[in-house]
file entry_5.cif (mmCIF, C-alpha atoms)
data_run
#
loop_
_atom_site.label_atom_id
_atom_site.label_comp_id
_atom_site.auth_asym_id
_atom_site.auth_seq_id
_atom_site.Cartn_x
_atom_site.Cartn_y
_atom_site.Cartn_z
CA MET X 730 50.03 59.04 -56.40
CA PRO X 731 48.68 62.41 -55.16
CA ARG X 732 50.65 63.95 -52.31
CA LEU X 733 48.93 65.43 -49.26
CA LYS X 734 50.98 67.55 -46.86
CA LEU X 735 49.53 68.10 -43.37
CA ILE X 736 51.09 70.91 -41.33
CA SER X 737 50.96 71.81 -37.65
CA PRO X 738 52.37 75.36 -37.42
CA ALA X 739 54.46 76.56 -34.49
CA PRO X 740 53.62 79.79 -32.66
CA LYS X 741 55.47 82.79 -33.99
CA GLY X 742 58.18 84.16 -31.72
CA LYS X 743 61.69 83.19 -30.69
CA TYR X 744 60.83 81.48 -27.38
CA CYS X 745 58.12 79.19 -28.79
CA ASN X 746 59.69 78.51 -32.13
CA LYS X 747 62.72 76.56 -30.92
CA LYS X 748 63.11 73.22 -32.65
CA GLY X 749 63.92 70.02 -30.82
CA LYS X 750 61.91 67.69 -28.61
CA THR X 751 58.42 68.62 -27.41
CA SER X 752 55.97 66.93 -25.06
CA PHE X 753 53.70 64.83 -27.31
CA PRO X 754 52.37 64.80 -30.89
CA GLN X 755 49.02 66.33 -31.76
CA LEU X 756 46.32 63.80 -32.56
CA ASN X 757 44.25 65.73 -35.12
CA LEU X 758 46.55 65.43 -38.13
CA ARG X 759 47.11 61.75 -37.42
CA ILE X 760 43.33 61.28 -37.59
CA ILE X 761 43.26 63.01 -41.01
CA GLU X 762 46.17 60.83 -42.14
CA ALA X 763 44.27 57.69 -41.12
CA LEU X 764 41.11 58.85 -42.90
CA THR X 765 42.95 59.52 -46.18
CA PRO X 766 42.77 56.78 -48.87
CA GLU X 767 45.79 54.52 -49.25
CA ASP X 768 46.55 55.77 -52.76
CA PHE X 769 47.60 59.16 -51.30
CA GLU X 770 51.13 59.84 -50.10
CA VAL X 771 50.66 61.63 -46.77
CA GLU X 772 53.32 63.67 -44.98
CA ILE X 773 52.82 65.22 -41.52
CA SER X 774 55.07 68.19 -40.68
CA ASP X 775 55.15 69.45 -37.08
CA GLU X 776 56.87 72.82 -37.01
CA ARG X 777 57.31 72.60 -33.25
CA VAL X 778 60.04 70.00 -33.74
CA GLU X 779 61.32 70.53 -37.29
CA ASP X 780 61.88 73.22 -39.89
CA LEU X 781 59.23 73.21 -42.60
CA ASP X 782 60.20 72.64 -46.22
CA LEU X 783 58.09 75.35 -47.84
CA GLY X 784 59.72 74.99 -51.24
CA ASP X 785 58.14 71.63 -52.03
CA SER X 786 55.16 71.04 -54.33
CA PRO X 787 52.49 68.80 -52.77
CA ASP X 788 49.19 68.39 -54.58
CA LEU X 789 47.17 69.46 -51.55
CA VAL X 790 48.03 71.12 -48.22
CA GLY X 791 46.05 70.84 -44.98
CA ILE X 792 46.88 73.09 -42.01
CA THR X 793 45.50 72.71 -38.49
CA THR X 794 44.87 76.10 -36.93
CA LEU X 795 44.56 77.13 -33.30
CA THR X 796 43.96 80.84 -32.65
CA SER X 797 47.49 81.47 -31.39
CA VAL X 798 49.07 79.95 -34.53
CA ALA X 799 46.58 81.46 -37.01
CA PRO X 800 49.00 84.19 -38.26
CA ARG X 801 51.65 81.56 -38.99
CA ALA X 802 49.06 79.25 -40.58
CA TYR X 803 47.89 82.08 -42.83
CA GLU X 804 51.48 82.88 -43.79
CA ILE X 805 52.14 79.26 -44.82
CA ALA X 806 48.79 79.00 -46.62
CA ASP X 807 49.38 82.20 -48.59
CA LEU X 808 52.79 80.97 -49.70
CA TYR X 809 51.46 77.67 -51.10
CA ARG X 810 48.42 79.30 -52.70
CA SER X 811 50.64 81.85 -54.45
CA ARG X 812 52.13 78.87 -56.31
CA GLY X 813 48.74 77.45 -57.27
CA ILE X 814 48.67 74.71 -54.62
CA PRO X 815 45.24 74.36 -52.96
CA VAL X 816 45.13 74.77 -49.16
CA ILE X 817 42.56 73.53 -46.65
CA LEU X 818 42.44 75.06 -43.16
CA GLY X 819 40.86 73.17 -40.26
CA GLY X 820 40.71 73.30 -36.48
CA ILE X 821 39.10 75.50 -33.85
CA HIS X 822 40.04 78.89 -35.34
CA PRO X 823 38.55 78.36 -38.84
CA THR X 824 35.52 76.76 -37.21
CA LEU X 825 34.84 79.87 -35.14
CA LEU X 826 36.10 82.53 -37.60
CA PRO X 827 35.33 81.13 -41.07
CA GLU X 828 35.06 84.44 -42.93
CA GLU X 829 38.54 85.54 -41.85
CA SER X 830 40.04 82.09 -42.48
CA LEU X 831 38.63 81.88 -46.02
CA LEU X 832 40.76 84.87 -46.99
CA HIS X 833 43.74 82.49 -46.74
CA ALA X 834 42.33 79.15 -47.88
CA ASP X 835 40.65 77.42 -50.79
CA SER X 836 38.50 75.45 -48.40
CA LEU X 837 37.70 75.06 -44.69
CA VAL X 838 36.92 71.92 -42.70
CA MET X 839 34.87 73.14 -39.74
CA GLY X 840 34.21 71.04 -36.69
CA GLU X 841 35.04 67.34 -36.62
CA ALA X 842 36.58 65.88 -39.76
CA GLU X 843 35.52 62.25 -39.48
CA MET X 844 32.21 62.80 -41.28
CA THR X 845 33.51 65.14 -43.98
CA TRP X 846 37.04 64.12 -44.98
CA LYS X 847 35.90 61.44 -47.44
CA GLU X 848 33.83 64.07 -49.25
CA VAL X 849 36.75 66.51 -49.20
CA VAL X 850 39.04 63.95 -50.85
CA GLU X 851 36.45 63.04 -53.50
CA ASP X 852 35.84 66.71 -54.32
CA PHE X 853 39.60 67.35 -54.55
CA ARG X 854 40.02 64.49 -57.02
CA ALA X 855 37.15 65.91 -59.13
CA GLY X 856 38.54 69.46 -58.96
CA ARG X 857 35.47 70.85 -57.22
CA LEU X 858 36.53 71.69 -53.66
CA LYS X 859 33.77 73.52 -51.79
CA LYS X 860 34.49 76.61 -49.76
CA THR X 861 33.37 74.98 -46.51
CA TYR X 862 32.72 71.52 -45.08
CA SER X 863 30.90 71.17 -41.78
CA GLY X 864 31.41 68.32 -39.30
CA GLY X 865 27.66 67.89 -38.91
CA ASN X 866 26.51 65.02 -36.71
CA LEU X 867 28.58 65.15 -33.53
CA GLN X 868 27.33 61.73 -32.42
CA ALA X 869 29.37 60.09 -35.18
CA PHE X 870 32.58 60.17 -33.10
CA GLU X 871 31.82 56.89 -31.35
CA LYS X 872 31.65 54.93 -34.62
CA THR X 873 34.01 56.74 -36.96
CA PHE X 874 37.29 57.06 -35.03
CA PRO X 875 39.88 55.61 -37.43
CA ARG X 876 42.75 53.25 -36.76
CA LEU X 877 45.81 55.47 -36.44
CA ARG X 878 49.17 54.86 -38.03
CA PRO X 879 52.35 54.96 -35.89
CA VAL X 880 54.03 58.32 -35.24
CA LYS X 881 56.73 58.73 -37.87
CA ARG X 882 59.30 60.49 -35.64
CA PRO X 883 58.67 59.22 -32.09
CA GLU X 884 62.10 60.42 -31.00
CA ALA X 885 60.91 64.03 -31.41
CA TYR X 886 58.48 63.70 -28.48
CA SER X 887 58.96 63.06 -24.78
CA ILE X 888 55.80 60.88 -24.89
CA PRO X 889 55.09 59.78 -28.49
CA HIS X 890 51.85 57.90 -27.75
CA THR X 891 48.56 59.83 -27.56
CA ILE X 892 45.01 58.54 -27.45
CA GLN X 893 41.51 59.98 -27.16
CA THR X 894 38.61 58.25 -25.42
CA THR X 895 35.90 60.95 -25.16
CA ARG X 896 34.86 64.28 -26.65
CA GLY X 897 32.60 67.05 -25.45
CA CYS X 898 31.91 68.72 -22.12
CA PRO X 899 28.58 69.68 -20.48
CA PHE X 900 30.00 72.44 -18.26
CA ASP X 901 30.26 75.20 -20.92
CA CYS X 902 32.72 77.35 -18.93
CA LYS X 903 32.66 80.89 -20.27
CA PHE X 904 36.38 81.08 -21.03
CA CYS X 905 36.44 77.78 -22.95
CA SER X 906 35.71 77.04 -26.62
CA VAL X 907 35.58 73.22 -26.30
CA THR X 908 31.78 73.00 -26.38
CA ARG X 909 31.62 75.12 -29.53
CA LEU X 910 33.73 72.52 -31.32
CA TRP X 911 32.81 69.23 -29.65
CA GLY X 912 29.37 69.77 -28.13
CA LYS X 913 27.92 69.79 -24.62
CA GLN X 914 27.67 66.05 -24.06
CA TYR X 915 30.37 63.49 -23.40
CA ARG X 916 30.66 61.13 -26.34
CA CYS X 917 32.63 57.98 -25.63
CA ARG X 918 34.47 55.55 -27.86
CA PRO X 919 33.74 51.87 -27.20
CA VAL X 920 36.03 50.84 -24.34
CA ASP X 921 37.23 47.71 -26.13
CA ASP X 922 38.30 49.82 -29.15
CA VAL X 923 40.36 52.04 -26.85
CA ILE X 924 41.94 49.06 -25.09
CA ASN X 925 42.85 47.42 -28.42
CA GLU X 926 44.55 50.64 -29.53
CA MET X 927 46.50 50.81 -26.26
CA VAL X 928 47.61 47.18 -26.66
CA GLU X 929 48.92 47.97 -30.16
CA MET X 930 50.94 50.87 -28.73
CA GLY X 931 52.53 48.51 -26.20
CA SER X 932 53.43 49.11 -22.56
CA GLY X 933 55.12 52.36 -21.70
CA ARG X 934 53.96 55.95 -21.37
CA MET X 935 51.09 57.71 -23.11
CA VAL X 936 48.92 60.80 -22.87
CA ILE X 937 45.13 60.59 -22.88
CA VAL X 938 44.18 63.90 -24.51
CA ASP X 939 40.54 64.10 -23.36
CA ASP X 940 39.53 67.44 -21.85
CA ASN X 941 38.20 65.56 -18.81
CA VAL X 942 39.11 61.89 -18.67
CA ILE X 943 36.66 61.24 -15.80
CA GLY X 944 33.81 63.30 -17.23
CA ASN X 945 31.60 60.22 -17.58
CA PRO X 946 32.39 58.33 -14.34
CA ARG X 947 30.68 55.08 -15.35
CA TYR X 948 32.59 54.96 -18.65
CA ALA X 949 35.85 55.96 -16.92
CA LYS X 950 35.56 53.19 -14.34
CA ASP X 951 35.02 50.57 -17.04
CA LEU X 952 37.98 51.92 -19.00
CA PHE X 953 40.30 52.07 -15.98
CA ARG X 954 39.43 48.49 -14.93
CA LYS X 955 40.45 47.21 -18.37
CA MET X 956 43.58 49.35 -18.47
CA ALA X 957 44.92 48.00 -15.16
CA PRO X 958 46.50 44.77 -16.57
CA LEU X 959 48.19 46.57 -19.49
CA ASN X 960 51.16 47.97 -17.54
CA ILE X 961 50.64 51.45 -19.00
CA ARG X 962 51.93 54.65 -17.40
CA TRP X 963 49.91 57.64 -18.48
CA ALA X 964 49.10 61.31 -17.96
CA GLY X 965 45.84 63.10 -18.60
CA GLN X 966 43.47 65.88 -17.65
CA ALA X 967 40.61 65.67 -15.15
CA SER X 968 38.35 67.85 -13.04
CA ILE X 969 38.94 68.18 -9.30
CA THR X 970 35.58 66.45 -8.76
CA LEU X 971 37.54 63.20 -9.14
CA ALA X 972 38.25 63.38 -5.40
CA ASN X 973 34.54 62.98 -4.58
CA ASP X 974 34.52 59.37 -5.77
CA ASP X 975 36.88 57.07 -3.82
CA HIS X 976 36.23 54.09 -6.10
CA LEU X 977 36.96 56.13 -9.24
CA LEU X 978 40.20 57.43 -7.71
CA GLU X 979 41.27 53.91 -6.76
CA LEU X 980 40.62 52.61 -10.28
CA LEU X 981 42.43 55.62 -11.76
CA LYS X 982 45.51 54.81 -9.73
CA LYS X 983 45.41 51.10 -10.69
CA SER X 984 45.07 52.02 -14.38
CA GLY X 985 48.60 53.46 -14.34
CA CYS X 986 47.83 57.18 -14.09
CA GLU X 987 50.91 59.10 -12.92
CA TRP X 988 50.22 62.76 -13.72
CA LEU X 989 46.97 64.73 -13.88
CA PHE X 990 46.49 68.24 -15.19
CA ILE X 991 43.68 69.81 -13.13
CA GLY X 992 42.00 73.12 -13.89
CA ILE X 993 41.83 74.94 -10.56
CA GLU X 994 41.53 78.22 -12.51
CA SER X 995 40.91 80.61 -9.60
CA LEU X 996 40.91 80.82 -5.80
CA SER X 997 38.02 83.31 -5.93
CA PRO X 998 34.45 81.97 -5.61
CA GLU X 999 33.26 85.08 -7.49
CA ASN X 1000 35.54 84.31 -10.43
CA LEU X 1001 34.49 80.67 -10.52
CA ALA X 1002 30.81 81.62 -10.45
CA ALA X 1003 31.33 84.15 -13.26
CA MET X 1004 33.09 81.46 -15.35
CA LYS X 1005 30.31 78.92 -14.67
CA LYS X 1006 32.83 76.73 -12.86
CA SER X 1007 31.29 76.72 -9.38
CA PHE X 1008 31.67 72.94 -9.22
CA ASN X 1009 35.24 73.78 -8.16
CA LYS X 1010 34.63 74.21 -4.42
CA ILE X 1011 37.25 76.52 -2.88
CA GLU X 1012 36.65 75.19 0.63
CA LYS X 1013 37.36 71.63 -0.58
CA MET X 1014 40.24 72.36 -2.94
CA GLU X 1015 43.15 71.68 -0.60
CA GLU X 1016 41.53 68.50 0.74
CA HIS X 1017 40.88 67.23 -2.79
CA ILE X 1018 44.43 67.89 -4.00
CA LYS X 1019 45.84 66.14 -0.91
CA LYS X 1020 43.59 63.16 -1.57
CA ILE X 1021 44.62 62.82 -5.22
CA LYS X 1022 48.31 63.18 -4.35
CA GLY X 1023 47.82 60.68 -1.54
CA ALA X 1024 46.83 58.14 -4.18
CA GLY X 1025 50.31 58.53 -5.70
CA ILE X 1026 49.28 60.79 -8.59
CA ASN X 1027 51.25 63.94 -9.37
CA VAL X 1028 49.09 67.02 -9.86
CA VAL X 1029 49.74 69.95 -12.20
CA GLY X 1030 47.39 72.78 -11.23
CA SER X 1031 46.19 75.30 -13.81
CA PHE X 1032 45.49 78.91 -12.82
CA ILE X 1033 44.07 81.83 -14.81
CA LEU X 1034 45.26 85.27 -13.69
CA GLY X 1035 43.62 88.60 -14.47
CA LEU X 1036 39.96 87.60 -14.15
CA ASP X 1037 37.51 90.36 -13.28
CA HIS X 1038 37.52 89.67 -9.53
CA ASP X 1039 41.33 89.47 -9.33
CA ASP X 1040 43.33 92.28 -7.81
CA GLN X 1041 47.10 92.30 -7.33
CA ALA X 1042 46.83 90.08 -4.25
CA VAL X 1043 46.30 87.10 -6.56
CA PHE X 1044 49.98 87.13 -7.56
CA ASP X 1045 50.94 86.23 -3.98
CA GLU X 1046 47.95 84.02 -3.19
CA VAL X 1047 48.52 81.53 -6.00
CA PRO X 1048 52.20 80.77 -5.17
CA ARG X 1049 51.30 80.39 -1.49
CA PHE X 1050 48.51 77.98 -2.42
CA CYS X 1051 50.93 75.94 -4.55
CA ILE X 1052 53.33 75.58 -1.62
CA ARG X 1053 50.57 74.84 0.89
CA THR X 1054 49.08 72.07 -1.25
CA LYS X 1055 52.47 70.84 -2.48
CA LEU X 1056 51.40 70.97 -6.11
CA ASP X 1057 53.92 69.16 -8.26
CA ALA X 1058 53.78 71.91 -10.87
CA ALA X 1059 51.59 74.86 -11.81
CA ASN X 1060 50.65 76.23 -15.21
CA LEU X 1061 49.88 79.94 -15.05
CA TYR X 1062 47.88 81.60 -17.81
CA ILE X 1063 46.93 85.22 -18.34
CA PHE X 1064 43.18 85.31 -18.92
CA THR X 1065 42.64 85.31 -22.68
CA PRO X 1066 39.16 85.84 -24.18
CA LEU X 1067 39.32 83.46 -27.13
CA PRO X 1068 37.28 84.35 -30.22
CA GLY X 1069 34.11 82.33 -30.35
CA THR X 1070 33.53 82.44 -26.59
CA VAL X 1071 30.94 84.50 -24.72
CA LEU X 1072 33.67 86.42 -22.91
CA PHE X 1073 35.33 87.51 -26.15
CA ASP X 1074 32.07 88.92 -27.47
CA THR X 1075 31.39 90.69 -24.17
CA MET X 1076 34.85 92.25 -23.99
CA GLU X 1077 34.67 93.37 -27.59
CA GLU X 1078 31.34 95.08 -26.90
CA GLU X 1079 32.81 96.74 -23.80
CA GLY X 1080 35.86 97.99 -25.72
CA ARG X 1081 38.28 96.10 -23.46
CA LEU X 1082 40.28 94.29 -26.14
CA ILE X 1083 43.75 95.73 -26.70
CA THR X 1084 44.66 93.76 -29.80
CA LYS X 1085 43.44 91.18 -32.27
CA ASP X 1086 46.92 89.94 -33.06
CA TRP X 1087 46.02 86.27 -32.70
CA SER X 1088 49.64 85.23 -32.11
CA LEU X 1089 49.32 86.83 -28.67
CA TYR X 1090 46.16 84.87 -27.77
CA ASP X 1091 48.14 82.07 -26.12
CA GLY X 1092 47.57 82.69 -22.42
CA ASN X 1093 51.02 84.19 -21.93
CA HIS X 1094 50.40 87.75 -23.15
CA VAL X 1095 48.05 90.54 -22.11
CA VAL X 1096 45.43 91.19 -24.82
CA PHE X 1097 42.71 92.99 -22.81
CA ARG X 1098 42.17 95.63 -20.11
CA PRO X 1099 41.64 93.97 -16.71
CA ALA X 1100 38.94 95.19 -14.31
CA LYS X 1101 41.01 95.80 -11.17
CA MET X 1102 44.51 96.54 -12.44
CA SER X 1103 46.29 97.93 -15.46
CA PRO X 1104 47.57 95.72 -18.31
CA ASP X 1105 51.13 96.49 -17.13
CA GLU X 1106 50.29 95.37 -13.60
CA LEU X 1107 48.77 92.14 -14.87
CA LEU X 1108 51.82 91.33 -16.98
CA GLU X 1109 54.35 92.07 -14.23
CA GLY X 1110 52.23 90.30 -11.61
CA TYR X 1111 52.02 87.23 -13.82
CA ILE X 1112 55.80 87.18 -14.18
CA LYS X 1113 56.20 87.73 -10.43
CA ALA X 1114 53.95 84.74 -9.66
CA TYR X 1115 55.78 82.54 -12.17
CA LYS X 1116 59.13 83.38 -10.59
CA ALA X 1117 57.72 82.78 -7.10
CA ILE X 1118 56.67 79.25 -8.08
CA TYR X 1119 59.75 78.32 -10.08
CA SER X 1120 62.51 79.34 -7.67
CA PRO X 1121 64.72 76.92 -5.67
CA ILE X 1122 63.15 77.23 -2.21
CA PRO X 1123 59.49 77.00 -3.36
CA ILE X 1124 60.32 74.05 -5.60
CA PHE X 1125 61.81 72.05 -2.75
CA GLN X 1126 59.05 73.14 -0.37
CA ARG X 1127 56.57 71.52 -2.75
CA ALA X 1128 58.56 68.31 -3.19
CA THR X 1129 57.35 65.37 -1.10
CA GLY X 1130 59.04 62.06 -0.37
CA PHE X 1131 61.66 60.40 -2.50
CA SER X 1132 59.95 58.38 -5.19
CA ARG X 1133 60.58 58.07 -8.90
CA ARG X 1134 57.85 60.62 -9.56
CA THR X 1135 59.38 63.03 -7.04
CA PHE X 1136 62.49 63.06 -9.20
CA GLU X 1137 60.29 63.63 -12.26
CA MET X 1138 58.64 66.53 -10.43
CA LEU X 1139 62.01 68.07 -9.54
CA ALA X 1140 63.29 67.64 -13.10
CA LEU X 1141 60.22 69.39 -14.54
CA ASN X 1142 60.40 72.26 -12.05
CA LEU X 1143 64.13 72.79 -12.37
CA LEU X 1144 63.81 72.83 -16.16
CA ARG X 1145 61.13 75.53 -15.91
CA MET X 1146 63.34 77.48 -13.53
CA LYS X 1147 66.22 77.20 -16.00
CA ASN X 1148 64.01 78.53 -18.84
CA ARG X 1149 62.36 81.17 -16.66
CA LYS X 1150 64.15 84.21 -18.07
CA GLY X 1151 63.40 83.30 -21.68
CA PHE X 1152 59.77 82.61 -20.84
CA CYS X 1153 59.33 85.93 -19.00
CA ASP X 1154 61.10 87.94 -21.72
CA TRP X 1155 58.84 86.30 -24.29
CA SER X 1156 55.71 87.27 -22.32
CA ARG X 1157 56.97 90.86 -22.11
CA SER X 1158 57.40 90.88 -25.90
CA GLY X 1159 53.63 91.39 -26.13
CA HIS X 1160 53.60 94.41 -23.80
CA PRO X 1161 50.22 96.19 -24.18
CA GLY X 1162 51.81 99.60 -24.62
CA ARG X 1163 53.34 98.37 -27.86
CA LEU X 1164 50.04 96.92 -29.00
CA THR X 1165 47.58 99.74 -28.44
CA ALA X 1166 48.03 101.04 -31.99
CA THR X 1167 47.08 97.67 -33.50
CA VAL X 1168 43.45 97.67 -32.30
#
call {"tool": "encode", "arguments": {"input": "entry_5.cif", "output": "structure tokens"}}
result
Amino acid sequence: MPRLKLISPAPKGKYCNKKGKTSFPQLNLRIIEALTPEDFEVEISDERVEDLDLGDSPDLVGITTLTSVAPRAYEIADLYRSRGIPVILGGIHPTLLPEESLLHADSLVMGEAEMTWKEVVEDFRAGRLKKTYSGGNLQAFEKTFPRLRPVKRPEAYSIPHTIQTTRGCPFDCKFCSVTRLWGKQYRCRPVDDVINEMVEMGSGRMVIVDDNVIGNPRYAKDLFRKMAPLNIRWAGQASITLANDDHLLELLKKSGCEWLFIGIESLSPENLAAMKKSFNKIEKMEEHIKKIKGAGINVVGSFILGLDHDDQAVFDEVPRFCIRTKLDAANLYIFTPLPGTVLFDTMEEEGRLITKDWSLYDGNHVVFRPAKMSPDELLEGYIKAYKAIYSPIPIFQRATGFSRRTFEMLALNLLRMKNRKGFCDWSRSGHPGRLTATV
């Protein structure tokens, strides 16, 4: 029985590389596992929650590769290849940077794997792996999504159940690489297939990993209606435009949604226009957040700091906005021009990139020269804003009522406050002054 080892690398660095429990398992390797013939022995290793056994001898290794984990993925791949074990790299980074990735792999799977993995397996058996396999027809997602096997170590994840209902996004925001991988149209799985998968998981908590779970409102309404009787509690990601549709919001609540991650991104209309995200209306933002929270759904707002129209005032404006709108949590990211996006190409042409150390391209380190401040000012302002949000008084100012989810909100915020020093020290570990020589 041939043995296939599938690896999800952890980011390099002390803060990120702690083992233990993490939020939820990645879906991509489970899809590959489900697509692999039954006569293979398949092992999934998630380095975020366990130490990798790199002394073993599988017959084939597959490594999923985001940009921020590419250096670690290459390190693992090089080690196995040095012992004659073939390695396949897949994911967004090899898809967008194939020439670089092929220096560390026998083969690449670019784009979606559903249409190519059968060919990959057949070529491996015949000893004729090609250098590259391309996902090809993006429309195949609706018909080819496989039946997933249960997570092997559910205790390693706060929420072990993940599910995907749609792929793609028509917005094509400049900072985002989603459309390069999954296309510019929403592609939806049959609702009944999704519901059957949820029923097999059982009642409890799950994460819907779609980039925008309400991107196709008609599909979302049908899905939410059928989810309502299942007694599921779930979290997901949606655009703020949700608040424009009262019926959609009502169905979302009845479906069991408890937490939504919403990309607010910026409080500057100029930044939003430059990112092609003008559908986020600044003048409506507070009203929309209040409306979503009024439906009993906790909101995690996402903000990008260091955009070209940001000056140092942004580091005070964002924490004040979080308190004013009583956001349940906020994710702050330093603007990061990911390879494969329009903004990366533009910044490279303008000579604004400080480093191409991909391990720092995680949204928590400064990798470019901002327009209206220095790299040092961006880093320290980012840390200042993080501390201003995750301090005792602001946390309790944002808390509302006394419900079960209020206690969840306080637990999340207090945990982030507890880990604040380690997080900030880790961000400083990529100080641009140290990195200038690596360009």
call {"tool": "resolve_selection", "arguments": {"input": "entry_5.cif", "expression": "the PyMOL selection byres ((chain X and resi 858-863) around 7)", "output": "PyMOL selection string"}}
result
chain X and resi 835-840+845+849+852-853+856-857+864-865
call {"tool": "atom_distance", "arguments": {"input": "entry_5.cif", "atom1": "CA of Leu795 in chain X", "atom2": "CA of Leu818 in chain X"}}
result
10.3 Å
call {"tool": "resolve_selection", "arguments": {"input": "entry_5.cif", "expression": "the PyMOL selection byres ((chain X and resi 1062-1074) around 9)", "output": "JSON, numbers by chain"}}
result
{"X": [796, 822, 824, 825, 826, 903, 904, 905, 906, 909, 994, 1031, 1032, 1033, 1034, 1035, 1036, 1060, 1061, 1075, 1076, 1077, 1078, 1079, 1082, 1090, 1091, 1092, 1093, 1094, 1095, 1096, 1097, 1107, 1108, 1111]}
call {"tool": "residues_near_point", "arguments": {"input": "entry_5.cif", "point": "(52.6, 68.8, -54.5)", "cutoff": "9 Å", "atoms": "only C-alpha atoms", "output": "number ranges by chain"}}
result
X: 731-734, 785-790, 814
call {"tool": "atom_distance", "arguments": {"input": "entry_5.cif", "atom1": "CA of Lys1113 in chain X", "atom2": "CA of Met1014 in chain X"}}
result
23.4 Å
call {"tool": "residues_around", "arguments": {"input": "entry_5.cif", "residues": "Asn1142 in chain X", "least_positions_apart": "2", "cutoff": "10 Å", "atoms": "all atoms listed in the file", "output": "MDAnalysis selection string"}}
result
chainID X and resid 1057:1059 1118:1121 1123:1125 1128 1136:1140 1144:1148
call {"tool": "resolve_selection", "arguments": {"input": "entry_5.cif", "expression": "the PyMOL selection byres ((chain X and resi 875) around 12)", "output": "MDAnalysis selection string"}}
result
chainID X and resid 756:766 842:844 846 869:874 876:878 892:893 918 922:923 926
call {"tool": "closest_residue", "arguments": {"input": "entry_5.cif", "among": "X:Met930, X:Ile1021, X:Ile773, X:Ala1100", "to": "Ala967 in chain X", "atoms": "all atoms listed in the file"}}
result
X:Ile1021
call {"tool": "closest_residue", "arguments": {"input": "entry_5.cif", "among": "X:Ile969, X:Ser774, X:Arg1049, X:Gly1025", "to": "Lys982 in chain X", "atoms": "all atoms listed in the file"}}
result
X:Gly1025
call {"tool": "axis_aligned_box", "arguments": {"input": "entry_5.cif", "around": "range 879-893 of chain X", "padding_each_side": "5 Å", "output": "AutoDock Vina command-line options"}}
result
--center_x 51.8 --center_y 59.5 --center_z -31.3 --size_x 30.6 --size_y 19.1 --size_z 23.1
call {"tool": "closest_residue", "arguments": {"input": "entry_5.cif", "among": "X:Thr793, X:Lys1116, X:Ile961, X:Asp1105", "to": "Pro1048 in chain X", "atoms": "only C-alpha atoms"}}
result
X:Lys1116
call {"tool": "closest_residue", "arguments": {"input": "entry_5.cif", "among": "X:Ala1117, X:Ile1011, X:Leu1089, X:Val850", "to": "Cys1051 in chain X", "atoms": "all atoms listed in the file"}}
result
X:Ala1117
call {"tool": "closest_residue", "arguments": {"input": "entry_5.cif", "among": "X:Gly985, X:Gly1023, X:Gly1110, X:Pro815", "to": "Asp1039 in chain X", "atoms": "only C-alpha atoms"}}
result
X:Gly1110
call {"tool": "closest_residue", "arguments": {"input": "entry_5.cif", "among": "X:Glu770, X:Asp1045, X:Glu776, X:Asp807", "to": "Ser737 in chain X", "atoms": "only C-alpha atoms"}}
result
X:Glu776
call {"tool": "residues_around", "arguments": {"input": "entry_5.cif", "residues": "Leu783 in chain X", "least_positions_apart": "4", "cutoff": "8 Å", "atoms": "only C-alpha atoms", "output": "list in words"}}
result
Ile805, Leu808 and Tyr809 of chain X
call {"tool": "write_last_selection", "arguments": {"input": "entry_5.cif", "atoms": "C-alpha atoms", "output": "PDB file, in the coordinates of the input"}}
result
ATOM      1  CA  ILE X 805      52.140  79.260 -44.820  1.00  0.00           C
ATOM      2  CA  LEU X 808      52.790  80.970 -49.700  1.00  0.00           C
ATOM      3  CA  TYR X 809      51.460  77.670 -51.100  1.00  0.00           C
TER       4      TYR X 809
END
call {"tool": "residues_around", "arguments": {"input": "entry_5.cif", "residues": "Pro800 in chain X", "least_positions_apart": "3", "cutoff": "7 Å", "atoms": "all atoms listed in the file", "output": "PyMOL selection string"}}
result
chain X and resi 803-804+1087-1088
call {"tool": "decode", "arguments": {"input": "entry_5.cif", "residues": "range 846-853 of chain X", "atoms": "N, CA and C atoms", "output": "PDB file, in the first residue's frame"}}
result
ATOM      1  N   TRP X 846      -6.158  15.807  -9.482  1.00  0.00           N
ATOM      2  CA  TRP X 846      -5.511  14.887  -8.543  1.00  0.00           C
ATOM      3  C   TRP X 846      -5.530  13.445  -9.026  1.00  0.00           C
ATOM      4  N   LYS X 847      -6.601  13.042  -9.713  1.00  0.00           N
ATOM      5  CA  LYS X 847      -6.642  11.681 -10.252  1.00  0.00           C
ATOM      6  C   LYS X 847      -5.494  11.457 -11.225  1.00  0.00           C
ATOM      7  N   GLU X 848      -5.228  12.445 -12.078  1.00  0.00           N
ATOM      8  CA  GLU X 848      -4.119  12.337 -13.025  1.00  0.00           C
ATOM      9  C   GLU X 848      -2.777  12.303 -12.296  1.00  0.00           C
ATOM     10  N   VAL X 849      -2.647  13.119 -11.249  1.00  0.00           N
ATOM     11  CA  VAL X 849      -1.413  13.128 -10.465  1.00  0.00           C
ATOM     12  C   VAL X 849      -1.126  11.740  -9.899  1.00  0.00           C
ATOM     13  N   VAL X 850      -2.144  11.124  -9.311  1.00  0.00           N
ATOM     14  CA  VAL X 850      -1.972   9.796  -8.704  1.00  0.00           C
ATOM     15  C   VAL X 850      -1.599   8.760  -9.764  1.00  0.00           C
ATOM     16  N   GLU X 851      -2.282   8.795 -10.908  1.00  0.00           N
ATOM     17  CA  GLU X 851      -1.966   7.837 -11.980  1.00  0.00           C
ATOM     18  C   GLU X 851      -0.545   8.017 -12.487  1.00  0.00           C
ATOM     19  N   ASP X 852      -0.114   9.273 -12.653  1.00  0.00           N
ATOM     20  CA  ASP X 852       1.250   9.532 -13.118  1.00  0.00           C
ATOM     21  C   ASP X 852       2.275   9.105 -12.077  1.00  0.00           C
ATOM     22  N   PHE X 853       1.966   9.284 -10.791  1.00  0.00           N
ATOM     23  CA  PHE X 853       2.881   8.832  -9.740  1.00  0.00           C
ATOM     24  C   PHE X 853       3.053   7.323  -9.792  1.00  0.00           C
TER      25      PHE X 853
END
